[in-house]
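Chemist: One structure, pasted below without further comment.
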Amino acid sequence: MKIIKNNIITLIVFVFSTLNLFSQQNKITGKVSGQSGSELPGVSILVKGTINGTSTDFDGNYTINTDSNALLIISYIGFVTQEVSVTGRSVINITLKDDLENLDEVVIVGYGTARKGDLTGSISTVSTKNFDKIASSSPLQILQGRATGLSITSSSGVPGSGSNVLIRGVGSINGSSSPIYVVDGVIKTNINNLNPNTIESISVLKDASAAAIYGARAANGVILVSLKRGKGSGASQITFNTYVGIQTESNLKLDLLNADQFVELWTESHENIGLESNWTQADLDQYSGVDTDWKDAMLQTGIIQNYDLSVSGGNEDSNYFVSGNYFTQEGMVIKTAYEKFNLTLNSDHKINDWLKWGNSILLYSSKTEGDGTSYNLAMRKSPLTRVYEEDGSWGIIRNQALEHIHKNPVWQSENYQNDNLIKGLQGSLYVTLNLLEGLEFTARGSIDYVNSYSTLFNSGVPDPARYSWEGSTINLVQKQNIQSTHGIVDFLLNYKTSINEDHNITVLLGYSREENERELLYASIQGTPNDDIRYLDAGDPETMQNSNNFRDWSFASIFSRATYNYKNKYYFNATIRRDGTSRLTEENRYGVFPSGSIGWKISEEDFFNKEGFFNNLKLRASMGILGNVLSLSEYATISSLSFQGRVLNDVVTPGYTQTSAVNTDITWETSQKCNFGFDATMVNGKIYTSVDYFIESTSDQLFTQPIPLSNGYFSSPIINAGEVRNTGIELQLGIRNNHSKDWSYDVNFNFSSVKNEVTDLGGRDEEFLSSGLKVGEPVNSFFGYKTNGLITDESQLAKYQGGSFGSKAIGDINIVDISGFDDDGKPNGIPDGIINAADRTIIGSRFPKFIYGMTGTLNYKNWGLQVQLQGVQGRDIYIGSRNSNDLMVLMSSWARNEDARIYRRYHPINNPNGTWPRLTKDGSGANLEVSDFWLEDASYLRINNINLSYNVSGSLLNRFDISNLSLYSSVNNLYTFTKYGGPEVDTTAGGPNSVNALSGIPSPTTFNLGLKVSL
């Protein structure tokens, strides 16, 4: 609480400090144009040596207040930065020259910034232009397909759901493979709380040289996010942006069996095993005219709205940026919703020539309502069950053999609550001292506080005698509260100098300390008086259950980075970081993570002809070591005690015992990374490209070491063993033309290919094979049987006799014989004419062969068009069932609906040419065994976003002092081209250890209209 109070005090100081904004200065006006004569909007104009700045409006005009002897720095991406002396002038028009090499663009790097042309590491920068015109609650959804090496996959179509993010593939078998995020110096594990419209820039750090400054947490890459800040123009700029849209089912649709198909196949599943169906024609007559489309009953037109208001401004001594955002989404599935509110307050203040300070504050709140539970139930519900009876009451189960006793999904969605409310504060405060010329000291403190409060309520089913639904008649309430506080203190010493304008040197020294605390409180109870009362103290005390736990960890680091370049021609970068973590014992607590990189800008050599095909060419190489401490739990090396009650003298006596075995010698996973690349521009800067080849090996993988239960431990210790390697290539290629007054375009294509393979399992190859782990294969591959269509002839049945699948018959999946067992009971790779467990092998990979994306921007006068495509090639998704709640159980077990594709099933009379296996109620035929029959190629190309905008101009805007007015329309997830037959191809579902790929909520298609106005 003390830390929070300090941040509130900082906020108060900030508010008052920004009231004194203006001083008596000269007013400078002018226009900025390109070489073609076209006006340039958004050009940055900064008074050198101050934080006083502004930017040009849509027509290229600007106004700034400054001293008569000031020096203006004019910069714009794609153009050469210029310095212009005011020298008493009041009107200064500027023409910027095209930057053929685009090297002056400033990008964020760890604990600082750098010119893009000076980089020797592998860093992808993402343009945030048009982020504010794309309907999305999370910046990660917008990032998809926009950067090489960055893979983003949706976890669900539920409003407010997160994403799975990988940088250059998976490096850890059992640990985390997610990157860390650094937002204005605050280290985080996700950025779902951010408002995309407040993001100024994004950098993706991929190789060791770029990421080593973050040491033991950087093995999976780092995503740096810089939020917008004010520009001291002497006047405030007010911007309001809003859009509203609708969400509908995409072109990827899951078709379910209709009532007639359901009855036909359900009957077949009985007949195929000689089982008489336990219903009569009279029973079927009850369903005349009934054909419930449960999926349609669960869907609605979703509504999405966004309102964003920002104010920014300042003068040469202070600037500020304040933004308020409200986002709300009513989901495409009934009773699902998401709501988010953000308040951002950023400021910078120059006290004098040697002291400045600033702060970044983000207050946020989000609420998620509903999940995929009811929708999943609807996918399985029999189409013979009515949603409502004629009198308006809920549908009644008339025949359990034809309808089963599943609850009514629409009823459940209206009587089921799963809400999660998150409130948080993310803030930082920095003070910078200019000690000497080129020497700067910065102290920064930051906090990330999150309070998550969730409520789950299950209503008791109504009147079992009438409705015959499964489930308890007693309601259930669950409450959970998680509070976490993450604090960071950084001390940074930066030195920058240039010797004879040839030797350019920068040095960074830093110390960082972090502490994190997390407490969870959970309780549940049954039997509140009615469904309107959903609080714990109203239930039956006899049913109360609760738990409470606390976890904490700390981190301490020292680090340094040195960069040197000679005449902007030869580059050298060295980074080293020493990390210490509370997760490990004292003997292994500290680790050192070094990296180095070099660069050679060939285009600066005298022999290089810049007027030829290549205008700029730079070679890069880097190598280094990073760690993955996030793969370890907080107390992985500490023996823990568990409560164990024992009966002593006929009385239950409480006690504690050690139930987990620990290994105090474990350490973090270590990743060795090498990267080779080059950057080039060609044809007078119209074509640009960047290519990287990388090799990354992560050793000391974390595994559990099985031990006999006779040791008295319920859980096994963790050991370091094994290695995973990722090799790949990344390509960025673009073409642009900004030399026309009316026309401009920029088309950027990116391609990434990663080969993931396990290179060592510590001698435990056979033990892990069934988990999809095999040397030479990708991590967590699909493990099962290879198949060859269906059994079509009696002669094909011989190999199943005496094996594991004696119930196989014509029309069942035909398994390929690839191996028998040797004398030690291990597969020998020699076919033996018998189908059994020895014939299982690696059958597919969840990782794609490559991913790609394209972003194209076309501008004509006041019109702007942006198209963004994203694709994946060569990835497998498993559509088979793993439990009774999945689709694709092939009419086994009870009466339930199915994916309509099973109508392709084999039947000797009804469908003798069927290509899918026969249906059996008891599951005989072993068609549900994991096999490549149920793997589908999930390659796709998606039109992620199309955005059309129009910038209004004319005297009307000047009359109302409007600097910019833009109208836009956007479509997200417009169309997906794929051969995959499921409802969502961009999903984490369908993996070796994940949920069923067919029954989750898919991502919707979103159409929105928007307005953006600046004053």
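Labels used: A, B, ... for chains in the order of the structure tokens, numbers from 1 for residues in each chain, and numbers from 1 for ligands as shown.
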List every residue of segment 461-689 of chain A that DSSP, applied to the backbone of this structure, assigns to helix (DSSP H, G or I), and report them as a ChimeraX atom specification.

Modeler: /A:464-467,536-538,541-543,586-588,602-604,629-631

Chemist: Hey, what's within 7 Å of Trp600 of chain A if we count only C-alpha atoms and toss same-chain stuff fewer than 6 positions away? As a PyMOL selection string, please?

Modeler: chain A and resi 569-571+618-620

Chemist: For the selection you just gave me, I'd like the residues written to a file as a PDB file, in the first residue's frame, keeping C-alpha atoms.

Modeler:
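Saved to again.pdb:
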```pdb
ATOM      1  CA  LYS A 569      31.069   1.509 -41.005  1.00  0.00           C
ATOM      2  CA  TYR A 570      32.312  -1.117 -38.533  1.00  0.00           C
ATOM      3  CA  TYR A 571      30.133  -1.995 -35.541  1.00  0.00           C
ATOM      4  CA  LYS A 618      25.114  -4.236 -44.004  1.00  0.00           C
ATOM      5  CA  LEU A 619      26.218  -7.650 -42.702  1.00  0.00           C
ATOM      6  CA  ARG A 620      25.476  -8.730 -39.112  1.00  0.00           C
TER       7      ARG A 620
END
```

Chemist: Point out the residue among A:Leu887, A:Ala211, A:Leu865, A:Leu928 with the least atom-to-atom distance to Ile815 of chain A, counting only C-alpha atoms.

Modeler: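 Looking only at the distances to Ile815 of chain A, the closest residue turns out to be A:Leu928.
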
Chemist: Extract, using only C-alpha atoms, all DNA, RNA and protein residues at most 8 Å from Thr920 of chain A, discarding same-chain residues fewer than 2 positions from it, and format them as a list in words.

Modeler: Glu268, Ser269, His270, Asn272, Ile273, Leu890, Met891, Ser892, Arg918, Asp922, Gly923, Ser924 and Gly925 of chain A

Chemist: For Ser288 of chain A, find every residue with an atom within 12 Å (counting only C-alpha atoms), except residues of its own chain fewer than 4 positions away, and show them as a list in words.

Modeler: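 Near neighbours after the sequence-gap exclusion: Ala259, Asp260, Gln281, Ala282, Asp283, Leu284, Thr292, Pro383, Leu384, Thr385 and Arg386 of chain A.
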
Chemist: Env of Ser699 of chain A: 8 Å cut, atoms = only C-alpha atoms, seq-sep filter 2 positions within chain, self excluded. Answer as a list of chain:residue names.

Modeler: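 In the requested form, the answer reads A:Glu669, A:Thr670, A:Ser671, A:Ser697, A:Gln701, A:Ala721, A:Gly722, A:Glu723, A:Val724.
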
Chemist: Where does segment 66-136 of chain A meet segment 183-190 of chain A within 12 Å, residue by residue, with the nearest atom pair and distance in Å to one decimal for each, counting only C-alpha atoms, listed by chain and rising number, as CSV?

Modeler:
```
residue,atom,partner,partner_atom,distance
A:Ile108,CA,A:Asp184,CA,9.9
A:Val109,CA,A:Gly185,CA,10.8
A:Gly110,CA,A:Gly185,CA,8.7
A:Tyr111,CA,A:Gly185,CA,7.3
A:Gly112,CA,A:Gly185,CA,9.5
A:Thr113,CA,A:Asp184,CA,11.7
```
